[in-house]
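Note sheet for the following structure.
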Amino acid sequence: MWLNLGRLLMICVWAFLLLNLVHPFPTPLRYFVHVALFFMVIMHGLQLVLLRATQPKEAPKLSGVTQAKIFFFGVFELLAWQKKHYPKM
């Protein structure tokens with residue numbers, strides 16, 4: 001339940017950040033949202049790269065859908081993925 005709530009929150013954050021590209025906000029807020037979008041893309045991309053780099057060679061490959069979900073939902077999807085693949089942790 002909490003993971004789904006977190007995913008919903010991330011959808012709202014992405015929508016707010018991308019809305020600024022379609023319909024720019026007033027000047028001071030516009031620049032802040034651009035920086036926040038850049039930071040979010042870098043952090044989620046780095047999270048995905050680090051996950052892929054730390055996977056053991058014998059582990060199954062991450063599918064494209066799983067990678068996209070981890071990129072868009074961030075730590076919430078990563079926690080769900082970890083719970084599915086490593087239930088005892």
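So you can find residues: chains in the structure tokens are A, B, ... in the order shown, residues in each start at 1, and ligands are numbered from 1 in order.
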| task | Please provide the set of residues having any atom within 12 Å of A:Arg30, restricted to only C-alpha atoms, with same-chain residues fewer than 3 positions apart removed, written as a ChimeraX atom specification. | result | /A:16-27,33-37
| said: Residues near A:Gln47, anyone? I mean within 12 Å using only C-alpha atoms, not counting same-chain ones fewer than 5 positions away, as a VMD selection string. | reply: chain A and resid 40 to 42 52 to 54 67 to 78
| task | If you run DSSP over the backbone, which residues in chain A end up helix (DSSP H, G or I)? Put them as a ChimeraX atom specification. | result | /A:2-22,27-54,64-73,75-85
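Across A:Thr66, A:Lys88, A:Phe32, A:Pro60, the tightest approach to A:Leu48 is made by A:Thr66 when counting only C-alpha atoms.
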